[in-house]
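Structure data follow from target.csv (CSV, C-alpha atoms and all ligand atoms):
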chain,number,residue,atom,x,y,z
A,1,MET,CA,23.3,5.8,14.7
A,2,LYS,CA,22.2,6.5,11.1
A,3,LEU,CA,20.0,3.9,9.3
A,4,LEU,CA,20.3,2.9,5.6
A,5,ILE,CA,17.4,1.0,4.0
A,6,HIS,CA,18.4,-0.1,0.4
A,7,ASP,CA,17.5,-2.6,-2.3
A,8,TYR,CA,20.9,-2.8,-4.0
A,9,THR,CA,22.2,-6.2,-4.9
A,10,PRO,CA,25.4,-7.2,-3.0
A,11,GLU,CA,27.4,-6.4,-6.2
A,12,GLU,CA,25.8,-3.0,-6.6
A,13,PHE,CA,26.4,-2.2,-2.9
A,14,ALA,CA,30.0,-3.3,-2.7
A,15,PRO,CA,31.5,0.0,-4.1
A,16,LEU,CA,29.2,2.0,-1.8
A,17,ALA,CA,29.8,0.1,1.4
A,18,ALA,CA,32.7,2.3,2.7
A,19,GLN,CA,30.4,5.3,2.6
A,20,TYR,CA,28.0,3.6,5.1
A,21,ALA,CA,30.6,2.2,7.5
A,22,GLY,CA,29.2,2.3,11.0
A,23,TRP,CA,25.6,2.6,9.9
A,24,ASP,CA,22.7,0.3,10.8
A,25,ILE,CA,22.0,-1.3,7.4
A,26,VAL,CA,18.7,-2.9,6.2
A,27,SER,CA,19.2,-4.8,3.0
A,28,ASP,CA,17.3,-7.5,1.1
A,29,ASN,CA,18.5,-10.9,2.3
A,30,GLY,CA,15.7,-12.6,0.4
A,31,SER,CA,13.8,-13.7,3.5
A,32,ILE,CA,11.5,-10.7,4.3
A,33,ARG,CA,7.9,-11.7,4.8
A,34,PRO,CA,5.0,-9.4,3.8
A,35,CYS,CA,2.9,-7.6,6.4
A,36,VAL,CA,-0.2,-9.6,6.9
A,37,GLY,CA,-2.4,-6.7,8.1
A,38,CYS,CA,-2.9,-8.2,11.6
A,39,PHE,CA,-2.0,-5.0,13.5
A,40,GLY,CA,-0.2,-7.2,16.0
A,41,CYS,CA,2.4,-4.4,16.2
A,42,TRP,CA,-0.3,-2.3,17.8
A,43,ILE,CA,-2.4,-4.7,19.8
A,44,LYS,CA,-0.1,-7.6,20.8
A,45,THR,CA,3.5,-6.5,21.0
A,46,PRO,CA,3.2,-2.7,20.8
A,47,GLY,CA,5.9,-1.2,18.7
A,48,GLN,CA,7.2,-4.5,17.3
A,49,CYS,CA,6.0,-6.7,14.4
A,50,VAL,CA,4.9,-10.2,15.3
A,51,ILE,CA,6.5,-11.9,12.3
A,52,PRO,CA,9.7,-13.5,13.5
A,53,ASP,CA,12.3,-12.6,10.9
A,54,ALA,CA,15.2,-10.2,10.6
A,55,TYR,CA,12.8,-7.2,10.0
A,56,GLN,CA,10.7,-7.7,13.1
A,57,THR,CA,12.2,-4.7,15.0
A,58,MET,CA,12.1,-2.2,12.1
A,59,ALA,CA,9.9,0.3,14.1
A,60,ARG,CA,12.5,0.5,16.8
A,61,ARG,CA,15.4,0.8,14.3
A,62,LEU,CA,13.6,3.7,12.6
A,63,HIS,CA,12.8,5.4,15.8
A,64,GLU,CA,16.4,5.0,17.2
A,65,ALA,CA,18.0,6.3,14.0
A,66,GLU,CA,19.3,9.8,14.1
A,67,GLU,CA,18.6,10.0,10.4
A,68,VAL,CA,17.3,7.6,7.7
A,69,VAL,CA,18.5,7.2,4.1
A,70,VAL,CA,16.5,5.2,1.7
A,71,CYS,CA,18.0,4.0,-1.7
A,72,THR,CA,15.3,2.4,-3.9
A,73,ARG,CA,14.5,1.5,-7.4
A,74,TRP,CA,11.8,3.9,-8.6
A,75,THR,CA,8.8,1.6,-8.9
A,76,TYR,CA,5.7,3.1,-10.6
A,77,GLY,CA,6.3,6.3,-8.5
A,78,GLY,CA,7.1,4.9,-5.2
A,79,PHE,CA,9.4,2.4,-3.4
A,80,SER,CA,10.5,-1.0,-4.8
A,81,PRO,CA,8.7,-4.1,-3.3
A,82,PHE,CA,11.5,-4.8,-0.8
A,83,VAL,CA,11.8,-1.2,0.5
A,84,LYS,CA,8.0,-1.0,0.6
A,85,ASN,CA,7.9,-4.3,2.5
A,86,VAL,CA,10.3,-2.8,5.1
A,87,PHE,CA,8.0,0.3,5.6
A,88,ASP,CA,4.9,-1.9,5.8
A,89,ARG,CA,6.6,-3.8,8.6
A,90,SER,CA,7.4,-0.5,10.4
A,91,ILE,CA,4.0,0.9,11.3
A,92,GLY,CA,4.5,0.1,15.0
A,93,VAL,CA,6.6,3.3,15.1
A,94,VAL,CA,3.3,5.2,15.4
A,95,LEU,CA,0.3,4.5,17.7
A,96,PRO,CA,-2.9,2.9,16.5
A,97,PHE,CA,-4.8,6.0,17.8
A,98,PHE,CA,-5.7,8.8,15.5
A,99,GLU,CA,-5.6,12.6,15.4
A,100,ILE,CA,-6.1,15.3,12.8
A,101,VAL,CA,-2.9,16.6,11.3
A,102,ARG,CA,-2.9,19.3,8.6
A,103,GLY,CA,-6.7,18.8,8.1
A,104,GLU,CA,-6.4,15.0,7.6
A,105,MET,CA,-6.7,11.9,9.8
A,106,HIS,CA,-3.3,10.5,10.8
A,107,HIS,CA,-1.8,8.4,13.6
A,108,GLN,CA,-0.7,9.8,16.9
A,109,LYS,CA,3.0,9.6,17.7
A,110,ARG,CA,4.5,6.8,19.8
A,111,TYR,CA,7.8,8.7,20.2
A,112,PRO,CA,8.2,12.4,20.3
A,113,GLN,CA,11.1,12.7,17.9
A,114,ALA,CA,10.6,13.2,14.1
A,115,ILE,CA,12.9,11.1,11.9
A,116,PRO,CA,14.9,13.1,9.2
A,117,MET,CA,14.6,11.1,6.0
A,118,THR,CA,16.4,11.3,2.6
A,119,VAL,CA,15.2,9.2,-0.3
A,120,HIS,CA,17.3,8.4,-3.4
A,121,PHE,CA,15.2,7.1,-6.3
A,122,ARG,CA,16.9,5.5,-9.3
A,123,GLY,CA,15.1,4.7,-12.5
A,124,SER,CA,14.7,5.7,-16.1
A,125,GLY,CA,12.7,8.4,-17.8
A,126,LEU,CA,12.1,10.2,-14.5
A,127,ASP,CA,10.6,13.4,-15.9
A,128,SER,CA,9.3,16.3,-13.8
A,129,LYS,CA,5.8,14.8,-13.5
A,130,LYS,CA,7.2,11.5,-12.2
A,131,GLN,CA,9.5,13.3,-9.8
A,132,ALA,CA,6.6,15.4,-8.5
A,133,LEU,CA,4.6,12.3,-7.8
A,134,SER,CA,7.5,10.7,-5.9
A,135,ARG,CA,8.2,13.8,-3.8
A,136,ARG,CA,4.5,14.0,-2.9
A,137,TYR,CA,4.6,10.3,-1.9
A,138,VAL,CA,7.7,10.7,0.3
A,139,GLU,CA,6.0,13.7,2.0
A,140,ALA,CA,2.9,11.5,2.7
A,141,VAL,CA,5.0,8.6,4.1
A,142,CYS,CA,6.9,11.0,6.4
A,143,LEU,CA,3.7,12.6,7.6
A,144,ASN,CA,2.3,9.1,8.3
A,145,LEU,CA,5.3,7.6,10.0
A,146,GLN,CA,6.6,10.6,11.8
A,147,GLY,CA,9.4,11.4,9.5
A,148,VAL,CA,10.5,14.8,8.1
A,149,VAL,CA,11.7,15.0,4.6
A,150,LYS,CA,15.3,16.0,4.4
A,151,ASP,CA,15.9,15.4,0.7
A,152,VAL,CA,14.5,13.5,-2.3
A,153,THR,CA,16.9,12.8,-5.2
A,154,PHE,CA,16.6,11.1,-8.6
A,155,GLU,CA,19.3,9.1,-10.5
A,156,GLU,CA,18.8,8.1,-14.1
A,157,VAL,CA,19.8,4.5,-14.8
A,158,PRO,CA,19.2,2.4,-18.0
A,159,ALA,CA,15.7,0.8,-18.2
A,160,PRO,CA,15.7,-3.0,-18.0
A,161,ALA,CA,15.0,-4.7,-21.4
A,162,GLN,CA,11.3,-5.3,-21.8
A,163,LYS,CA,9.5,-7.9,-23.8
A,164,LYS,CA,7.0,-6.9,-26.4
A,165,ALA,CA,3.4,-6.6,-25.2
A,166,ASP,CA,1.5,-9.9,-25.6
A,167,ASP,CA,-1.8,-9.5,-27.6
A,168,ARG,CA,-3.3,-12.9,-26.8
A,169,ALA,CA,-7.0,-12.9,-27.4
A,170,VAL,CA,-8.6,-13.7,-24.0
A,171,SER,CA,-11.9,-13.3,-22.2
A,172,GLY,CA,-13.3,-12.8,-18.8
A,173,THR,CA,-13.0,-10.6,-15.8
A,174,VAL,CA,-11.0,-11.4,-12.7
A,175,LEU,CA,-11.7,-9.7,-9.4
A,176,LEU,CA,-8.4,-9.7,-7.6
A,177,ASN,CA,-8.4,-9.3,-3.8
A,178,GLY,CA,-4.9,-7.8,-3.1
A,179,SER,CA,-5.3,-7.8,0.7
A,180,MET,CA,-3.2,-10.1,2.8
A,181,ARG,CA,-6.2,-10.5,5.1
A,182,GLY,CA,-7.7,-12.8,2.4
A,183,LYS,CA,-11.2,-13.8,3.1
A,184,ALA,CA,-11.5,-11.3,6.1
A,185,ALA,CA,-10.5,-8.3,4.0
A,186,ASN,CA,-12.5,-5.2,3.5
A,187,SER,CA,-11.2,-5.2,-0.1
A,188,ARG,CA,-13.0,-8.6,-0.6
A,189,LEU,CA,-16.3,-7.1,0.7
A,190,LEU,CA,-16.1,-4.4,-1.9
A,191,LEU,CA,-15.3,-6.9,-4.6
A,192,LYS,CA,-18.3,-9.1,-3.5
A,193,ARG,CA,-20.5,-6.1,-4.1
A,194,LEU,CA,-19.1,-5.8,-7.6
A,195,GLN,CA,-19.5,-9.5,-8.2
A,196,GLN,CA,-23.3,-9.2,-7.7
A,197,ARG,CA,-23.3,-7.1,-10.8
A,198,LEU,CA,-20.5,-8.5,-12.9
A,199,GLY,CA,-20.3,-12.1,-11.9
A,200,GLY,CA,-16.8,-13.5,-12.4
A,201,GLU,CA,-14.4,-15.1,-10.0
A,202,ILE,CA,-12.7,-13.5,-6.9
A,203,VAL,CA,-9.0,-14.5,-6.7
A,204,ASP,CA,-7.2,-13.9,-3.4
A,205,LEU,CA,-3.6,-12.8,-3.7
A,206,VAL,CA,-2.8,-14.8,-0.5
A,207,SER,CA,-3.7,-18.0,-2.4
A,208,CYS,CA,-0.5,-17.8,-4.4
A,209,ARG,CA,1.6,-18.2,-1.2
A,210,GLY,CA,4.4,-16.0,-2.5
A,211,ASP,CA,4.5,-17.4,-6.0
A,212,TYR,CA,3.8,-14.1,-7.7
A,213,ASP,CA,5.1,-15.2,-11.1
A,214,ALA,CA,2.5,-18.1,-11.1
A,215,MET,CA,-0.3,-15.7,-10.2
A,216,ALA,CA,0.7,-13.2,-12.8
A,217,ALA,CA,0.7,-15.9,-15.4
A,218,GLN,CA,-2.8,-16.9,-14.3
A,219,LEU,CA,-4.1,-13.3,-14.4
A,220,ARG,CA,-2.6,-12.5,-17.7
A,221,ALA,CA,-5.3,-14.6,-19.4
A,222,ALA,CA,-8.0,-12.2,-18.2
A,223,GLU,CA,-9.3,-9.5,-20.5
A,224,THR,CA,-10.2,-7.3,-17.5
A,225,ILE,CA,-8.6,-7.3,-14.1
A,226,VAL,CA,-10.2,-5.4,-11.1
A,227,LEU,CA,-7.8,-5.1,-8.3
A,228,ALA,CA,-9.2,-4.3,-4.8
A,229,THR,CA,-6.5,-3.4,-2.4
A,230,PRO,CA,-5.9,-1.6,1.0
A,231,LEU,CA,-3.7,1.4,1.2
A,232,TYR,CA,-0.5,0.6,3.1
A,233,VAL,CA,1.8,3.4,4.2
A,234,ASP,CA,0.4,5.7,1.4
A,235,GLY,CA,1.0,3.2,-1.3
A,236,LEU,CA,0.4,-0.4,-2.5
A,237,PRO,CA,1.1,-3.2,-0.1
A,238,SER,CA,4.4,-4.8,-0.9
A,239,ALA,CA,2.8,-8.1,-1.9
A,240,VAL,CA,0.7,-6.3,-4.5
A,241,LEU,CA,3.8,-4.5,-5.7
A,242,ARG,CA,5.6,-7.9,-6.1
A,243,LEU,CA,2.7,-9.2,-8.1
A,244,LEU,CA,2.6,-6.2,-10.4
A,245,SER,CA,6.3,-6.3,-10.8
A,246,ALA,CA,5.9,-9.9,-12.0
A,247,PHE,CA,3.9,-8.6,-14.9
A,248,GLU,CA,6.9,-6.6,-16.2
A,249,LYS,CA,8.5,-9.9,-17.3
A,250,ASP,CA,5.7,-10.4,-19.8
A,251,PRO,CA,3.5,-7.3,-20.3
A,252,GLY,CA,-0.3,-7.6,-20.7
A,253,GLY,CA,-1.2,-6.1,-24.1
A,254,LYS,CA,-4.4,-4.0,-24.5
A,255,LYS,CA,-6.3,-5.5,-21.6
A,256,ARG,CA,-8.1,-3.3,-19.1
A,257,PHE,CA,-7.1,-2.8,-15.4
A,258,TYR,CA,-9.3,-1.2,-12.8
A,259,VAL,CA,-8.5,-0.6,-9.2
A,260,ILE,CA,-10.6,-0.1,-6.0
A,261,ALA,CA,-8.6,1.0,-2.9
A,262,ASN,CA,-9.8,1.5,0.6
A,263,LEU,CA,-8.0,2.9,3.6
A,264,GLY,CA,-8.2,3.2,7.4
A,265,PHE,CA,-8.3,7.0,7.4
A,266,TYR,CA,-11.4,9.0,6.6
A,267,GLU,CA,-10.3,10.9,3.5
A,268,SER,CA,-10.3,9.0,0.3
A,269,ARG,CA,-8.0,11.6,-1.3
A,270,GLN,CA,-5.1,10.0,0.7
A,271,ILE,CA,-5.4,7.2,-1.9
A,272,GLN,CA,-4.3,9.5,-4.8
A,273,ASN,CA,-0.7,8.3,-4.9
A,274,LEU,CA,-1.7,4.7,-5.0
A,275,LEU,CA,-4.0,5.3,-8.0
A,276,ALA,CA,-1.2,7.2,-9.8
A,277,PHE,CA,1.2,4.2,-9.2
A,278,VAL,CA,-1.3,1.8,-10.7
A,279,ARG,CA,-1.7,4.2,-13.7
A,280,ASN,CA,2.1,4.2,-14.2
A,281,TRP,CA,2.3,0.5,-13.9
A,282,SER,CA,-0.5,0.1,-16.5
A,283,GLU,CA,1.4,2.2,-18.9
A,284,LEU,CA,4.6,0.3,-18.4
A,285,CYS,CA,3.0,-3.1,-18.6
A,286,GLY,CA,0.8,-2.5,-21.6
A,287,TYR,CA,-2.6,-2.5,-19.8
A,288,SER,CA,-5.2,0.1,-20.5
A,289,TYR,CA,-5.9,1.9,-17.1
A,290,GLY,CA,-9.7,1.7,-16.7
A,291,GLY,CA,-9.9,4.0,-13.7
A,292,GLY,CA,-9.8,3.9,-9.9
A,293,LEU,CA,-12.3,4.1,-7.1
A,294,ALA,CA,-11.0,5.3,-3.7
A,295,VAL,CA,-13.2,4.5,-0.7
A,296,GLY,CA,-12.5,6.5,2.5
A,297,ALA,CA,-13.2,5.1,6.0
A,298,GLY,CA,-12.7,1.7,4.3
A,299,ALA,CA,-13.3,-0.7,7.2
A,300,MET,CA,-16.6,0.9,8.1
A,301,ASN,CA,-17.8,1.4,4.5
A,302,ALA,CA,-17.0,-2.1,3.5
A,303,GLN,CA,-18.6,-3.7,6.6
A,304,LEU,CA,-21.8,-1.6,6.3
A,305,LEU,CA,-22.4,-1.8,2.6
A,306,LYS,CA,-26.1,-2.4,3.2
A,307,LEU,CA,-26.6,0.6,5.5
A,308,PRO,CA,-26.9,4.4,4.9
A,309,PRO,CA,-23.4,5.4,6.1
A,310,ALA,CA,-22.0,3.5,3.1
A,311,ARG,CA,-24.3,5.2,0.6
A,312,ASN,CA,-21.4,7.0,-1.2
A,313,ALA,CA,-19.3,3.9,-1.4
A,314,VAL,CA,-22.2,1.9,-2.8
A,315,ALA,CA,-23.0,4.6,-5.4
A,316,GLY,CA,-19.4,4.7,-6.4
A,317,LEU,CA,-19.3,0.9,-6.8
A,318,GLU,CA,-22.4,0.9,-8.9
A,319,ARG,CA,-21.0,3.5,-11.3
A,320,PHE,CA,-17.7,1.6,-11.4
A,321,ALA,CA,-19.5,-1.7,-12.1
A,322,SER,CA,-21.4,0.0,-15.1
A,323,ALA,CA,-18.1,1.2,-16.5
A,324,ILE,CA,-16.5,-2.2,-16.2
A,325,GLU,CA,-19.5,-3.9,-17.8
A,326,ASP,CA,-19.4,-1.5,-20.7
A,327,GLY,CA,-15.6,-1.7,-21.0
A,328,ARG,CA,-15.4,2.0,-20.5
A,329,CYS,CA,-12.4,3.9,-19.0
A,330,VAL,CA,-13.5,6.3,-16.3
A,331,ASN,CA,-11.8,9.1,-14.3
A,332,ASP,CA,-10.7,8.3,-10.8
A,333,HIS,CA,-13.5,8.7,-8.2
A,334,TYR,CA,-13.0,9.5,-4.6
A,335,GLU,CA,-15.9,8.5,-2.2
A,336,ASP,CA,-15.9,9.7,1.4
A,337,SER,CA,-18.4,8.7,3.9
A,338,PHE,CA,-20.2,12.1,4.3
A,339,LEU,CA,-23.1,10.5,6.1
A,340,PHE,CA,-20.8,9.6,8.9
A,341,PRO,CA,-19.0,12.7,10.3
A,342,ARG,CA,-15.3,12.4,10.6
A,343,ALA,CA,-15.2,13.3,14.3
A,344,VAL,CA,-17.5,10.4,15.1
A,345,TYR,CA,-15.5,8.1,12.9
A,346,VAL,CA,-12.2,9.1,14.6
A,347,ARG,CA,-13.7,8.6,18.1
A,348,ALA,CA,-15.1,5.2,17.2
A,349,ALA,CA,-11.9,4.1,15.5
A,350,ASN,CA,-9.8,5.3,18.5
A,351,HIS,CA,-12.0,3.4,20.9
A,352,SER,CA,-12.0,0.2,18.7
A,353,TRP,CA,-8.3,-0.5,19.7
A,354,ILE,CA,-9.0,-0.8,23.4
A,355,PRO,CA,-11.0,-4.1,23.4
A,356,LYS,CA,-8.6,-5.5,20.8
A,357,GLY,CA,-5.7,-4.8,23.2
A,358,LYS,CA,-7.6,-6.1,26.1
A,359,ARG,CA,-8.1,-9.5,24.4
A,360,ASN,CA,-4.3,-9.7,24.4
A,361,GLY,CA,-4.1,-8.7,28.1
A,362,LEU,CA,-3.1,-5.2,27.3
A,363,THR,CA,-4.5,-1.9,28.8
A,364,LYS,CA,-4.9,1.3,26.9
A,365,GLU,CA,-1.7,2.5,28.5
A,366,ASP,CA,0.2,-0.6,27.4
A,367,LEU,CA,-0.8,0.1,23.8
A,368,ARG,CA,1.1,3.4,24.1
A,369,GLN,CA,4.3,1.8,25.3
A,370,GLY,CA,7.2,1.0,23.0
A,401,LIG,C1,0.9,-2.0,7.1
A,401,LIG,C2,-0.3,-1.2,7.0
A,401,LIG,C3,-0.2,0.1,6.6
A,401,LIG,C4,-1.4,0.9,6.5
A,401,LIG,N1,-1.2,2.1,6.0
A,401,LIG,C5,-2.3,2.9,5.9
A,401,LIG,C6,-2.2,4.3,5.5
A,401,LIG,O1,-1.2,4.7,5.1
A,401,LIG,N2,-3.4,5.0,5.4
A,401,LIG,C7,-4.6,4.5,5.9
A,401,LIG,O2,-5.6,5.2,5.8
A,401,LIG,N3,-4.7,3.2,6.3
A,401,LIG,C8,-3.6,2.4,6.3
A,401,LIG,N4,-3.7,1.1,6.7
A,401,LIG,C9,-5.1,0.6,7.1
A,401,LIG,C10,-5.7,-0.2,6.0
A,401,LIG,O3,-5.7,0.5,4.7
A,401,LIG,C11,-7.2,-0.5,6.3
A,401,LIG,O4,-7.2,-1.2,7.6
A,401,LIG,C12,-7.9,-1.2,5.3
A,401,LIG,O5,-9.3,-1.1,5.5
A,401,LIG,C13,-7.5,-2.7,5.2
A,401,LIG,O6,-8.2,-3.2,4.1
A,401,LIG,P1,-8.2,-4.8,3.9
A,401,LIG,O7,-9.1,-5.4,4.9
A,401,LIG,O8,-8.8,-5.0,2.5
A,401,LIG,O9,-6.9,-5.3,4.0
A,401,LIG,C14,-2.6,0.3,6.9
A,401,LIG,C15,-2.7,-1.0,7.3
A,401,LIG,C16,-1.6,-1.7,7.4
A,401,LIG,C17,-1.7,-3.2,7.9
Spell out the structure here as structure tokens.
Amino acid sequence: MKLLIHDYTPEEFAPLAAQYAGWDIVSDNGSIRPCVGCFGCWIKTPGQCVIPDAYQTMARRLHEAEEVVVCTRWTYGGFSPFVKNVFDRSIGVVLPFFEIVRGEMHHQKRYPQAIPMTVHFRGSGLDSKKQALSRRYVEAVCLNLQGVVKDVTFEEVPAPAQKKADDRAVSGTVLLNGSMRGKAANSRLLLKRLQQRLGGEIVDLVSCRGDYDAMAAQLRAAETIVLATPLYVDGLPSAVLRLLSAFEKDPGGKKRFYVIANLGFYESRQIQNLLAFVRNWSELCGYSYGGGLAVGAGAMNAQLLKLPPARNAVAGLERFASAIEDGRCVNDHYEDSFLFPRAVYVRAANHSWIPKGKRNGLTKEDLRQG
């Protein structure tokens, strides 16, 4: 069976429905919950998300599909919050274990078949630069989740009406932890390091309990926002996308926005799409993009901030803190953990899943089932 993942409203979808008769259809019924970053789909119920809603079996639906079509609003370069949410909830389609593919760290396959994927983006002002970013992103998602790109298309639709940027005079820096792991997040450890230099408050996105409009209203008062976020399926986590989308209703106006992103893989360059998305969002929402810091081998670098292996991450954070302090915009920086060879990192990371599975009564072989 073919699988359609779309974010059309019921009214928008009605004229298209006949085209997809007989397909497995994933649409937004308003109840999808964000991935909470627990990795339960790898270490508790291999291949299936642990959140009990209509999207729990997404990995199986993806793997069983003879082909996948995605129809999504173009959102800063990538998928809309709903479509991204579906992909964040689908990572059980691959194994937790790693291997090197095309010179980069990626996940090993759970299933042998590759999934042919077509993505239709719809948005306004999708020039060649924006299209190139989105194509690169779809390639990255496919490489990560065992897809193969069949086609990527773009449809021009009118831009939604925007309010005028708000020039309220405000003060203060907010350090925003965008990870759904809240206090346990690597993103938070990176922010804490910045906080030693900058002071200011750390706000956890999880604390808004899904009320993204309220959190956006709170954050709009800050002169500078520093977002720390994990990379999820080559982009921003869906919850961060929902928050950023909430700003569109009332753009920021000449305030600065910085971003620090970390990832599970070793190579910080895999964060390049995420930084480009935040830059596009800043432009749309009237923020001045202060720059991005990408931290490779995130879990290790954040946990070991006091030790030599994290020296690059610490140096990057110090430079970043100086720029924020001075109110300067800087170029994006990519910090890998060169003091910790990739082969050692991959071996250690692979091994780390075994005791985690064991705590749930699963053997290494069980983790490979699906
Ligand atoms: C749904 C999901 C998707 C992820 N996708 C990626 C990815 O595409 N590339 C990567 O290197 N790491 C990926 N990760 C790993 C996280 O980026 C990594 O564990 C990070 O250190 C978590 O940061 P946090 O503790 O601040 O949430 C993913 C994790 C989850 C839960």
Produce the centre coordinates and the three edge lengths, each in Å to one decimal, of the box along x, y and z that contains all listed atoms of ligand LIG 401 (chain A) with 4 Å added on each side, as JSON.
{"center_x": -4.2, "center_y": -0.1, "center_z": 5.2, "size_x": 18.2, "size_y": 18.6, "size_z": 13.4}
- Query: Looking at A:Thr75, A:Thr229, A:Thr224, A:Ser337, which one is nearest to Gly178 of chain A, with distances taken over only C-alpha atoms?
  - Reply: A:Thr229
Residue neighbourhood Thr118 of chain A, 8 Å, all atoms listed in the file, exclusion window fewer than 2 positions, as an mmCIF file with C-alpha atoms, keeping the file's coordinate frame:
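Output file result_0.cif follows:
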data_model
loop_
_atom_site.group_PDB
_atom_site.id
_atom_site.type_symbol
_atom_site.label_atom_id
_atom_site.label_comp_id
_atom_site.auth_asym_id
_atom_site.auth_seq_id
_atom_site.Cartn_x
_atom_site.Cartn_y
_atom_site.Cartn_z
ATOM 1 C CA VAL A 68 17.300 7.600 7.700
ATOM 2 C CA VAL A 69 18.500 7.200 4.100
ATOM 3 C CA VAL A 70 16.500 5.200 1.700
ATOM 4 C CA PRO A 116 14.900 13.100 9.200
ATOM 5 C CA HIS A 120 17.300 8.400 -3.400
ATOM 6 C CA VAL A 149 11.700 15.000 4.600
ATOM 7 C CA LYS A 150 15.300 16.000 4.400
ATOM 8 C CA ASP A 151 15.900 15.400 0.700
ATOM 9 C CA VAL A 152 14.500 13.500 -2.300
ATOM 10 C CA THR A 153 16.900 12.800 -5.200
#
- Give as an NGL selection string the residues surrounding ligand LIG 401 (chain A) up to a distance of 7 Å, considering all atoms listed in the file. :A and (35-39 or 88-89 or 91 or 144 or 179-181 or 184-188 or 229-235 or 262-266 or 298-299)
May I have the selected residues written with C-alpha atoms, as a compact mmCIF listing (two decimals), in the frame of the given file?
# COMPACT_ATOMS: atom_id res chain seq x y z
CA CYS A 35 2.90 -7.60 6.40
CA VAL A 36 -0.20 -9.60 6.90
CA GLY A 37 -2.40 -6.70 8.10
CA CYS A 38 -2.90 -8.20 11.60
CA PHE A 39 -2.00 -5.00 13.50
CA ASP A 88 4.90 -1.90 5.80
CA ARG A 89 6.60 -3.80 8.60
CA ILE A 91 4.00 0.90 11.30
CA ASN A 144 2.30 9.10 8.30
CA SER A 179 -5.30 -7.80 0.70
CA MET A 180 -3.20 -10.10 2.80
CA ARG A 181 -6.20 -10.50 5.10
CA ALA A 184 -11.50 -11.30 6.10
CA ALA A 185 -10.50 -8.30 4.00
CA ASN A 186 -12.50 -5.20 3.50
CA SER A 187 -11.20 -5.20 -0.10
CA ARG A 188 -13.00 -8.60 -0.60
CA THR A 229 -6.50 -3.40 -2.40
CA PRO A 230 -5.90 -1.60 1.00
CA LEU A 231 -3.70 1.40 1.20
CA TYR A 232 -0.50 0.60 3.10
CA VAL A 233 1.80 3.40 4.20
CA ASP A 234 0.40 5.70 1.40
CA GLY A 235 1.00 3.20 -1.30
CA ASN A 262 -9.80 1.50 0.60
CA LEU A 263 -8.00 2.90 3.60
CA GLY A 264 -8.20 3.20 7.40
CA PHE A 265 -8.30 7.00 7.40
CA TYR A 266 -11.40 9.00 6.60
CA GLY A 298 -12.70 1.70 4.30
CA ALA A 299 -13.30 -0.70 7.20
- For the atom pair atom CA of Gly77 of chain A and atom CA of Tyr137 of chain A, what is the interatomic distance in Å to one decimal place?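 Result for atom CA of Gly77 of chain A versus atom CA of Tyr137 of chain A: 7.9 Å, one decimal.
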- Record the distance separating atom CA of Val226 of chain A and atom CA of Ser268 of chain A, expressed in Å with one decimal.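 Result for atom CA of Val226 of chain A versus atom CA of Ser268 of chain A: 18.4 Å, one decimal.
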- Task: Do a neighbour search on Asn280 of chain A at 10 Å with all atoms listed in the file, toss out local chain neighbours closer than 6 positions, and write the hits as number ranges by chain.
- Result: A: 75-77, 130, 274, 287, 289
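Atom CA of Lys254 of chain A sits 11.0 Å away from atom CA of Arg220 of chain A.
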- Task: Please identify all polymer residues within 9 Å of segment 243-246 of chain A, counting only C-alpha atoms, omitting same-chain residues fewer than 5 positions from it, and present them as a PyMOL selection string.
- Result: chain A and resi 75+81+205+210-217+238+278+281+285
- Task: Using only C-alpha atoms, pick whichever of A:Ala17, A:Ala276, A:Ile115, A:Leu293 has the shortest atom-to-atom distance to Ala132 of chain A.
- Result: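 Nearest candidate to Ala132 of chain A out of A:Ala17, A:Ala276, A:Ile115, A:Leu293: A:Ala276.
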- Pick out the closest residue to Pro160 of chain A from this set: A:Ser124, A:Thr9, A:Asn360, A:Ser322. Count all atoms listed in the file.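 The closest residue to Pro160 of chain A is A:Ser124.
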- Near-segment 61-65 of chain A list (12 Å; all atoms listed in the file; drop same-chain fewer than 6 positions) as a ChimeraX atom specification: /A:1-5,23-26,47-48,54-55,86-87,89-94,109-117,142,145-147,370
- Task: For each of A:Tyr8, A:Leu241, A:Leu284, A:Cys41, take the minimum atom-to-atom distance to Arg60 of chain A, counting all atoms listed in the file, then give the residue where this is smallest.
- Result: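 Among the listed residues, the smallest separation from Arg60 of chain A belongs to A:Cys41.
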- Go through A:Gly78, A:Gly361, A:Gly123, A:Gly172 one by one, measure the shortest atom-to-atom distance of each to Phe154 of chain A using only C-alpha atoms, and give the residue with the smallest value. A:Gly123
- Message: Residues near Ala349 of chain A, anyone? I mean within 12 Å using all atoms listed in the file, not counting same-chain ones fewer than 6 positions away, as a list in words.
- Response: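 Near neighbours after the sequence-gap exclusion: Pro96, Phe97, Phe98, Glu99, Met105, His106, His107, Gly264, Phe265, Tyr266, Ala297, Gly298, Ala299, Met300, Arg342, Ala343, Pro355 and Lys356 of chain A.
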- Pick from A:Ala348, A:Cys208, A:Ala239, A:Leu227 nearest to Ser80 of chain A, counting only C-alpha atoms: A:Ala239
